[in-house]
Amino acid sequence: MSKLVAEHVFKVFGRRPEEGVRRVQEGADRSQLRAEGTTAAVIDASFEVGQGEIFVVMGLSGSGKSTLLRMLNGLSEPTSGRVLFDGQDLSALSPKALRELRSHRISMVFQHFALFPHRTVLENAGYGLEVQGRPRREREQKAAEALALVGLSGWEESWPDELSGGMQQRVGLARALATDADLLLMDESFSALDPLIRRDMQDQLLDLQQRLRKTIVFITHDLNEAMRLGDRIAVMRDGRVVQTGSAEDILVDPANDYVAGFVRGVDRSRVLTAASIMQQPRATVDPGDGPRAALRALRTEQASAAFVVTPGRTLVGTVTEEKVAEALRGGDGPVRDLMDTDCVTTHGDTPLAELLTPASQSKLPLAVVDGSGRLTGVIPRVTLLAALGDEPETVVGLSHAAAAPPSAVGAAGPAPAGTGKEADRA
């Protein structure tokens, strides 16, 4: 469900902004418009922000992201197009209704804290509630609760100049949370902080989002911050949204050379996850299968080992060709009596950086399971190593392989090369 929608939004400044929109639609670029006395700050921006999502708008200075943000809360009206909040066109609201919306349902968190130096921390945190006309006792209670959420209990009676930069930004965040607004707009909120404090504030925001599930639009010029925080990211350049997608989408499949250049220096091991590179397993057997059926499956897939899964796809073990052949010589017992139940597994949301150790501990490709223990895919070592490389094209191929439908046998991708007999063939 979309909380916020931008539909073909333009913002043009100058003598004849509507004419500027028409010129852009005809193909004029920013430099041509400047020569004609107009400035196209935002050009044909369209996107949707879902309920409970962190949507990051990322771009360099001059890309139009801050102008776009001002249109998202009605401070600036689009030259063309519209912005919908819960289905309401902001441009169609009266000034009074728009002020009411901004004071009750949309909150801002600014880059430079915007605290009142003559007010205590508690009074600053409750300022939005004061604007709403809430009684003093209610303001103080809700402000204290919001300060506790951001880890500032005990600082209520302090003054802003007694706080570090990170603590001051926490007060700004508490002020936004105290109003219980539906939408938080965060404009370069952490960019004025030192790197370590900035990282701490990012952690704080992610922790709060786990608990509160707010809808957040976060503006930043920092790609690593965007990748870390955003459920989805819109990349802006020269007023246009040039790509929208998850961090993995943008890293794995950049829309153009500009985006590819942006993501080239990103630590993909912290962004890509197991789910983004996993493949379908090549050989699976049922725990009730006999050794002949198991051996047939192994030889069909040219694998020396197989994952043992129940009819419901729950992973219960692994079995090797050696064990199956030994059972055929000594009797005809089921696979469940032959399998090794000590499986090395991971989950789909695990970053690649955390997969190296478990992958080194497994003779088979690393098994990816969901929260119920069902096998959802596998990661051969060669796939993991390729994904940790620097070439997006390699990872695009891997992600496409991960999306391929499972075979009738049940699981697997192409055999990895050169890391031990069973890893080579399973």
# chains A, B, ... in the order shown; residues from 1 in each chain; ligands from 1

$ residues_around --residues "Thr357 (chain A)" --least-positions-apart "6" --cutoff "12 Å" --atoms "only C-alpha atoms" --output "MDAnalysis selection string"
chainID A and resid 344:346 366 381 384

$ residues_around --residues "His8 (chain A)" --least-positions-apart "6" --cutoff "12 Å" --atoms "only C-alpha atoms" --output "list in words"
Val21, Gln25, Val42, Ile43, Asp44, Ala45, Ser46, Phe47, Glu48, Leu68, Pro78, Thr79, Ser80, Gly81, Arg82, Val83, Leu84, Arg240 and Val241 of chain A

$ residues_around --residues "Met339 (chain A)" --least-positions-apart "5" --cutoff "6 Å" --atoms "only C-alpha atoms" --output "mmCIF file with N, CA and C atoms, in the first residue's frame"
data_model
loop_
_atom_site.group_PDB
_atom_site.id
_atom_site.type_symbol
_atom_site.label_atom_id
_atom_site.label_comp_id
_atom_site.auth_asym_id
_atom_site.auth_seq_id
_atom_site.Cartn_x
_atom_site.Cartn_y
_atom_site.Cartn_z
ATOM 1 N N GLY A 317 19.243 -32.945 6.103
ATOM 2 C CA GLY A 317 20.588 -33.504 6.098
ATOM 3 C C GLY A 317 21.197 -33.504 4.712
ATOM 4 N N THR A 318 22.362 -34.161 4.614
ATOM 5 C CA THR A 318 23.044 -34.358 3.337
ATOM 6 C C THR A 318 23.490 -35.811 3.248
ATOM 7 N N VAL A 319 23.647 -36.278 2.027
ATOM 8 C CA VAL A 319 24.101 -37.648 1.838
ATOM 9 C C VAL A 319 25.080 -37.690 0.669
#

$ closest_residue --among "A:Leu223, A:Val324, A:Ala353, A:Val316" --to "Gly59 (chain A)" --atoms "only C-alpha atoms"
A:Leu223

$ closest_residue --among "A:Arg198, A:Lys3, A:Arg211, A:Arg175" --to "Arg228 (chain A)" --atoms "only C-alpha atoms"
A:Arg198

$ residues_around --residues "Ile216 (chain A)" --least-positions-apart "4" --cutoff "8 Å" --atoms "only C-alpha atoms" --output "PyMOL selection string"
chain A and resi 52-55+183-186

$ select_by_dssp --residues "region 116-178 of chain A" --states "helix (DSSP H, G or I)" --output "number ranges by chain"
A: 121-125, 127-132, 136-149, 160-162, 165-178

$ closest_residue --among "A:Leu338, A:Ala143, A:Leu122, A:Leu69" --to "Glu156 (chain A)" --atoms "only C-alpha atoms"
A:Leu122

$ closest_residue --among "A:Asp349, A:Arg336, A:Ala293, A:Gln302" --to "Val271 (chain A)" --atoms "only C-alpha atoms"
A:Asp349

$ residues_around --residues "region 127-136 of chain A" --least-positions-apart "2" --cutoff "8 Å" --atoms "only C-alpha atoms" --output "ChimeraX atom specification"
/A:103-104,123-125,138-140,175-176,178-179

$ write_last_selection --atoms "N, CA and C atoms" --output "PDB file, in the first residue's frame"
ATOM      1  N   SER A 103       1.582  19.627  10.655  1.00  0.00           N
ATOM      2  CA  SER A 103       1.760  19.660  12.108  1.00  0.00           C
ATOM      3  C   SER A 103       1.361  18.354  12.782  1.00  0.00           C
ATOM      4  N   HIS A 104       0.513  17.547  12.128  1.00  0.00           N
ATOM      5  CA  HIS A 104       0.026  16.321  12.762  1.00  0.00           C
ATOM      6  C   HIS A 104       0.515  15.035  12.104  1.00  0.00           C
ATOM      7  N   GLU A 123      11.656  20.235  26.423  1.00  0.00           N
ATOM      8  CA  GLU A 123      10.829  21.227  25.736  1.00  0.00           C
ATOM      9  C   GLU A 123      11.058  21.188  24.228  1.00  0.00           C
ATOM     10  N   ASN A 124      12.289  20.968  23.811  1.00  0.00           N
ATOM     11  CA  ASN A 124      12.566  20.835  22.385  1.00  0.00           C
ATOM     12  C   ASN A 124      11.866  19.617  21.808  1.00  0.00           C
ATOM     13  N   ALA A 125      11.931  18.500  22.535  1.00  0.00           N
ATOM     14  CA  ALA A 125      11.310  17.272  22.041  1.00  0.00           C
ATOM     15  C   ALA A 125       9.798  17.404  21.962  1.00  0.00           C
ATOM     16  N   GLU A 138       0.481  16.382  28.740  1.00  0.00           N
ATOM     17  CA  GLU A 138       0.558  15.408  27.646  1.00  0.00           C
ATOM     18  C   GLU A 138       1.833  15.599  26.833  1.00  0.00           C
ATOM     19  N   ARG A 139       2.195  16.875  26.585  1.00  0.00           N
ATOM     20  CA  ARG A 139       3.424  17.152  25.840  1.00  0.00           C
ATOM     21  C   ARG A 139       4.634  16.560  26.545  1.00  0.00           C
ATOM     22  N   GLU A 140       4.706  16.799  27.834  1.00  0.00           N
ATOM     23  CA  GLU A 140       5.870  16.339  28.586  1.00  0.00           C
ATOM     24  C   GLU A 140       5.939  14.817  28.634  1.00  0.00           C
ATOM     25  N   ARG A 175      11.829  14.691  18.660  1.00  0.00           N
ATOM     26  CA  ARG A 175      10.778  15.683  18.383  1.00  0.00           C
ATOM     27  C   ARG A 175       9.863  15.208  17.258  1.00  0.00           C
ATOM     28  N   ALA A 176      10.454  14.598  16.224  1.00  0.00           N
ATOM     29  CA  ALA A 176       9.648  14.082  15.117  1.00  0.00           C
ATOM     30  C   ALA A 176       8.800  12.893  15.560  1.00  0.00           C
ATOM     31  N   ALA A 178       7.713  12.256  18.646  1.00  0.00           N
ATOM     32  CA  ALA A 178       6.743  12.591  19.697  1.00  0.00           C
ATOM     33  C   ALA A 178       5.372  12.905  19.123  1.00  0.00           C
ATOM     34  N   THR A 179       5.320  13.465  17.923  1.00  0.00           N
ATOM     35  CA  THR A 179       4.033  13.818  17.328  1.00  0.00           C
ATOM     36  C   THR A 179       3.302  12.603  16.766  1.00  0.00           C
TER      37      THR A 179
END

$ atom_distance --atom1 "CA of Phe13 (chain A)" --atom2 "CA of Arg102 (chain A)"
23.9 Å

$ closest_residue --among "A:Thr220, A:Gln169, A:Ser76, A:Thr273" --to "Leu60 (chain A)" --atoms "only C-alpha atoms"
A:Thr220

$ residues_around --residues "Met227 (chain A)" --least-positions-apart "6" --cutoff "9 Å" --atoms "only C-alpha atoms" --output "PyMOL selection string"
chain A and resi 56+233+246-248+251+266+271

$ write_last_selection --atoms "N, CA and C atoms" --output "PDB file, in the first residue's frame"
ATOM      1  N   VAL A  56      14.962   6.080   0.325  1.00  0.00           N
ATOM      2  CA  VAL A  56      16.085   7.010   0.295  1.00  0.00           C
ATOM      3  C   VAL A  56      16.175   7.674  -1.069  1.00  0.00           C
ATOM      4  N   ILE A 233      15.824   2.766  -3.000  1.00  0.00           N
ATOM      5  CA  ILE A 233      16.614   3.972  -3.219  1.00  0.00           C
ATOM      6  C   ILE A 233      16.239   4.568  -4.570  1.00  0.00           C
ATOM      7  N   SER A 246      15.967  -1.539  -4.920  1.00  0.00           N
ATOM      8  CA  SER A 246      16.643  -1.892  -3.683  1.00  0.00           C
ATOM      9  C   SER A 246      18.143  -1.668  -3.841  1.00  0.00           C
ATOM     10  N   ALA A 247      18.857  -1.696  -2.724  1.00  0.00           N
ATOM     11  CA  ALA A 247      20.310  -1.560  -2.779  1.00  0.00           C
ATOM     12  C   ALA A 247      20.912  -2.644  -3.670  1.00  0.00           C
ATOM     13  N   GLU A 248      20.392  -3.857  -3.558  1.00  0.00           N
ATOM     14  CA  GLU A 248      20.900  -4.960  -4.377  1.00  0.00           C
ATOM     15  C   GLU A 248      20.618  -4.720  -5.850  1.00  0.00           C
ATOM     16  N   LEU A 251      23.075  -2.068  -7.088  1.00  0.00           N
ATOM     17  CA  LEU A 251      24.451  -2.543  -7.097  1.00  0.00           C
ATOM     18  C   LEU A 251      24.667  -3.598  -8.185  1.00  0.00           C
ATOM     19  N   VAL A 266      31.470   0.716  -3.826  1.00  0.00           N
ATOM     20  CA  VAL A 266      30.678   0.225  -2.693  1.00  0.00           C
ATOM     21  C   VAL A 266      31.180  -1.141  -2.238  1.00  0.00           C
ATOM     22  N   VAL A 271      26.395  -5.249   1.250  1.00  0.00           N
ATOM     23  CA  VAL A 271      25.112  -4.894   0.639  1.00  0.00           C
ATOM     24  C   VAL A 271      24.396  -6.121   0.081  1.00  0.00           C
TER      25      VAL A 271
END

$ closest_residue --among "A:Leu328, A:Ala294, A:Ala275, A:Leu173" --to "Leu147 (chain A)" --atoms "only C-alpha atoms"
A:Leu173

$ residues_around --residues "Asp249 (chain A)" --least-positions-apart "2" --cutoff "10 Å" --atoms "only C-alpha atoms" --output "ChimeraX atom specification"
/A:232-233,243-247,251-255,272,276,396,399

$ write_last_selection --atoms "N, CA and C atoms" --output "short mmCIF file (atom, residue, chain, number, x, y, z; two decimals), in the first residue's frame"
data_model
loop_
_atom_site.label_atom_id
_atom_site.label_comp_id
_atom_site.auth_asym_id
_atom_site.auth_seq_id
_atom_site.Cartn_x
_atom_site.Cartn_y
_atom_site.Cartn_z
N ARG A 232 14.31 0.90 -0.34
CA ARG A 232 14.49 1.20 -1.75
C ARG A 232 15.17 2.56 -1.86
N ILE A 233 15.82 2.77 -3.00
CA ILE A 233 16.61 3.97 -3.22
C ILE A 233 16.24 4.57 -4.57
N GLN A 243 17.24 6.01 -11.49
CA GLN A 243 17.01 4.60 -11.15
C GLN A 243 16.35 4.51 -9.79
N THR A 244 15.42 3.59 -9.67
CA THR A 244 14.78 3.30 -8.38
C THR A 244 14.82 1.80 -8.16
N GLY A 245 15.20 1.39 -6.95
CA GLY A 245 15.24 -0.04 -6.64
C GLY A 245 15.87 -0.28 -5.29
N SER A 246 15.97 -1.54 -4.92
CA SER A 246 16.64 -1.89 -3.68
C SER A 246 18.14 -1.67 -3.84
N ALA A 247 18.86 -1.70 -2.72
CA ALA A 247 20.31 -1.56 -2.78
C ALA A 247 20.91 -2.64 -3.67
N LEU A 251 23.07 -2.07 -7.09
CA LEU A 251 24.45 -2.54 -7.10
C LEU A 251 24.67 -3.60 -8.19
N VAL A 252 23.70 -4.49 -8.33
CA VAL A 252 23.85 -5.61 -9.27
C VAL A 252 23.53 -5.21 -10.70
N ASP A 253 22.58 -4.32 -10.88
CA ASP A 253 22.10 -4.01 -12.23
C ASP A 253 21.93 -2.50 -12.40
N PRO A 254 23.02 -1.73 -12.38
CA PRO A 254 22.91 -0.27 -12.53
C PRO A 254 22.27 0.11 -13.85
N ALA A 255 21.42 1.15 -13.82
CA ALA A 255 20.63 1.50 -15.00
C ALA A 255 21.47 2.12 -16.10
N LEU A 272 25.12 -6.91 -0.73
CA LEU A 272 24.51 -8.10 -1.29
C LEU A 272 24.26 -9.14 -0.20
N SER A 276 20.43 -12.86 -2.86
CA SER A 276 20.68 -12.22 -4.15
C SER A 276 21.58 -13.04 -5.06
N VAL A 396 25.23 -9.79 -12.03
CA VAL A 396 23.97 -9.83 -12.76
C VAL A 396 23.68 -11.24 -13.23
N SER A 399 22.62 -13.32 -10.27
CA SER A 399 21.27 -13.04 -9.79
C SER A 399 20.23 -13.60 -10.73
#

$ decode --residues "region 297-308 of chain A" --atoms "all heavy atoms" --output "PDB file, in the first residue's frame"
ATOM      1  N   ALA A 297      19.506 -40.340  -8.632  1.00  0.00           N
ATOM      2  CA  ALA A 297      19.410 -38.875  -8.607  1.00  0.00           C
ATOM      3  C   ALA A 297      20.790 -38.239  -8.658  1.00  0.00           C
ATOM      4  O   ALA A 297      21.011 -37.253  -9.373  1.00  0.00           O
ATOM      5  CB  ALA A 297      18.667 -38.422  -7.350  1.00  0.00           C
ATOM      6  N   LEU A 298      21.728 -38.791  -7.914  1.00  0.00           N
ATOM      7  CA  LEU A 298      23.089 -38.253  -7.898  1.00  0.00           C
ATOM      8  C   LEU A 298      23.745 -38.352  -9.274  1.00  0.00           C
ATOM      9  O   LEU A 298      24.395 -37.401  -9.739  1.00  0.00           O
ATOM     10  CB  LEU A 298      23.928 -38.997  -6.864  1.00  0.00           C
ATOM     11  CG  LEU A 298      23.610 -38.695  -5.394  1.00  0.00           C
ATOM     12  CD1 LEU A 298      24.259 -39.737  -4.481  1.00  0.00           C
ATOM     13  CD2 LEU A 298      24.091 -37.300  -5.023  1.00  0.00           C
ATOM     14  N   ARG A 299      23.559 -39.494  -9.940  1.00  0.00           N
ATOM     15  CA  ARG A 299      24.193 -39.683 -11.247  1.00  0.00           C
ATOM     16  C   ARG A 299      23.506 -38.841 -12.319  1.00  0.00           C
ATOM     17  O   ARG A 299      24.159 -38.352 -13.241  1.00  0.00           O
ATOM     18  CB  ARG A 299      24.196 -41.155 -11.609  1.00  0.00           C
ATOM     19  CG  ARG A 299      25.186 -41.936 -10.745  1.00  0.00           C
ATOM     20  CD  ARG A 299      25.233 -43.408 -11.056  1.00  0.00           C
ATOM     21  NE  ARG A 299      26.298 -44.061 -10.294  1.00  0.00           N
ATOM     22  CZ  ARG A 299      26.491 -45.378 -10.246  1.00  0.00           C
ATOM     23  NH1 ARG A 299      25.676 -46.187 -10.931  1.00  0.00           N
ATOM     24  NH2 ARG A 299      27.483 -45.885  -9.537  1.00  0.00           N
ATOM     25  N   THR A 300      22.196 -38.666 -12.198  1.00  0.00           N
ATOM     26  CA  THR A 300      21.479 -37.821 -13.147  1.00  0.00           C
ATOM     27  C   THR A 300      22.008 -36.387 -13.101  1.00  0.00           C
ATOM     28  O   THR A 300      22.183 -35.729 -14.129  1.00  0.00           O
ATOM     29  CB  THR A 300      19.969 -37.824 -12.852  1.00  0.00           C
ATOM     30  OG1 THR A 300      19.465 -39.152 -13.002  1.00  0.00           O
ATOM     31  CG2 THR A 300      19.223 -36.877 -13.786  1.00  0.00           C
ATOM     32  N   GLU A 301      22.259 -35.917 -11.889  1.00  0.00           N
ATOM     33  CA  GLU A 301      22.752 -34.546 -11.710  1.00  0.00           C
ATOM     34  C   GLU A 301      24.276 -34.463 -11.715  1.00  0.00           C
ATOM     35  O   GLU A 301      24.837 -33.382 -11.531  1.00  0.00           O
ATOM     36  CB  GLU A 301      22.217 -33.977 -10.392  1.00  0.00           C
ATOM     37  CG  GLU A 301      20.710 -33.856 -10.333  1.00  0.00           C
ATOM     38  CD  GLU A 301      20.160 -32.948 -11.415  1.00  0.00           C
ATOM     39  OE1 GLU A 301      20.863 -31.989 -11.792  1.00  0.00           O
ATOM     40  OE2 GLU A 301      19.042 -33.205 -11.908  1.00  0.00           O
ATOM     41  N   GLN A 302      24.953 -35.603 -11.894  1.00  0.00           N
ATOM     42  CA  GLN A 302      26.412 -35.659 -11.882  1.00  0.00           C
ATOM     43  C   GLN A 302      26.969 -34.996 -10.612  1.00  0.00           C
ATOM     44  O   GLN A 302      27.893 -34.185 -10.652  1.00  0.00           O
ATOM     45  CB  GLN A 302      26.992 -34.989 -13.132  1.00  0.00           C
ATOM     46  CG  GLN A 302      26.607 -35.695 -14.415  1.00  0.00           C
ATOM     47  CD  GLN A 302      27.261 -35.076 -15.632  1.00  0.00           C
ATOM     48  OE1 GLN A 302      27.780 -33.976 -15.586  1.00  0.00           O
ATOM     49  NE2 GLN A 302      27.254 -35.813 -16.730  1.00  0.00           N
ATOM     50  N   ALA A 303      26.347 -35.364  -9.486  1.00  0.00           N
ATOM     51  CA  ALA A 303      26.735 -34.805  -8.190  1.00  0.00           C
ATOM     52  C   ALA A 303      27.248 -35.916  -7.292  1.00  0.00           C
ATOM     53  O   ALA A 303      26.803 -37.057  -7.369  1.00  0.00           O
ATOM     54  CB  ALA A 303      25.539 -34.119  -7.534  1.00  0.00           C
ATOM     55  N   SER A 304      28.199 -35.579  -6.433  1.00  0.00           N
ATOM     56  CA  SER A 304      28.730 -36.565  -5.506  1.00  0.00           C
ATOM     57  C   SER A 304      28.055 -36.498  -4.141  1.00  0.00           C
ATOM     58  O   SER A 304      28.350 -37.300  -3.263  1.00  0.00           O
ATOM     59  CB  SER A 304      30.236 -36.366  -5.341  1.00  0.00           C
ATOM     60  OG  SER A 304      30.508 -35.080  -4.814  1.00  0.00           O
ATOM     61  N   ALA A 305      27.148 -35.554  -3.966  1.00  0.00           N
ATOM     62  CA  ALA A 305      26.412 -35.435  -2.710  1.00  0.00           C
ATOM     63  C   ALA A 305      25.104 -34.726  -2.991  1.00  0.00           C
ATOM     64  O   ALA A 305      24.956 -34.034  -4.006  1.00  0.00           O
ATOM     65  CB  ALA A 305      27.231 -34.673  -1.674  1.00  0.00           C
ATOM     66  N   ALA A 306      24.125 -34.910  -2.103  1.00  0.00           N
ATOM     67  CA  ALA A 306      22.804 -34.322  -2.299  1.00  0.00           C
ATOM     68  C   ALA A 306      22.275 -33.803  -0.970  1.00  0.00           C
ATOM     69  O   ALA A 306      22.655 -34.280   0.109  1.00  0.00           O
ATOM     70  CB  ALA A 306      21.842 -35.358  -2.882  1.00  0.00           C
ATOM     71  N   PHE A 307      21.390 -32.824  -1.063  1.00  0.00           N
ATOM     72  CA  PHE A 307      20.671 -32.350   0.113  1.00  0.00           C
ATOM     73  C   PHE A 307      19.443 -33.237   0.322  1.00  0.00           C
ATOM     74  O   PHE A 307      18.748 -33.585  -0.644  1.00  0.00           O
ATOM     75  CB  PHE A 307      20.245 -30.894  -0.064  1.00  0.00           C
ATOM     76  CG  PHE A 307      21.397 -29.942  -0.101  1.00  0.00           C
ATOM     77  CD1 PHE A 307      21.879 -29.465  -1.310  1.00  0.00           C
ATOM     78  CD2 PHE A 307      22.021 -29.533   1.076  1.00  0.00           C
ATOM     79  CE1 PHE A 307      22.950 -28.590  -1.349  1.00  0.00           C
ATOM     80  CE2 PHE A 307      23.092 -28.666   1.046  1.00  0.00           C
ATOM     81  CZ  PHE A 307      23.564 -28.188  -0.167  1.00  0.00           C
ATOM     82  N   VAL A 308      19.198 -33.595   1.561  1.00  0.00           N
ATOM     83  CA  VAL A 308      18.040 -34.430   1.898  1.00  0.00           C
ATOM     84  C   VAL A 308      16.938 -33.512   2.406  1.00  0.00           C
ATOM     85  O   VAL A 308      17.107 -32.811   3.417  1.00  0.00           O
ATOM     86  CB  VAL A 308      18.399 -35.475   2.964  1.00  0.00           C
ATOM     87  CG1 VAL A 308      17.199 -36.391   3.222  1.00  0.00           C
ATOM     88  CG2 VAL A 308      19.609 -36.294   2.527  1.00  0.00           C
TER      89      VAL A 308
END
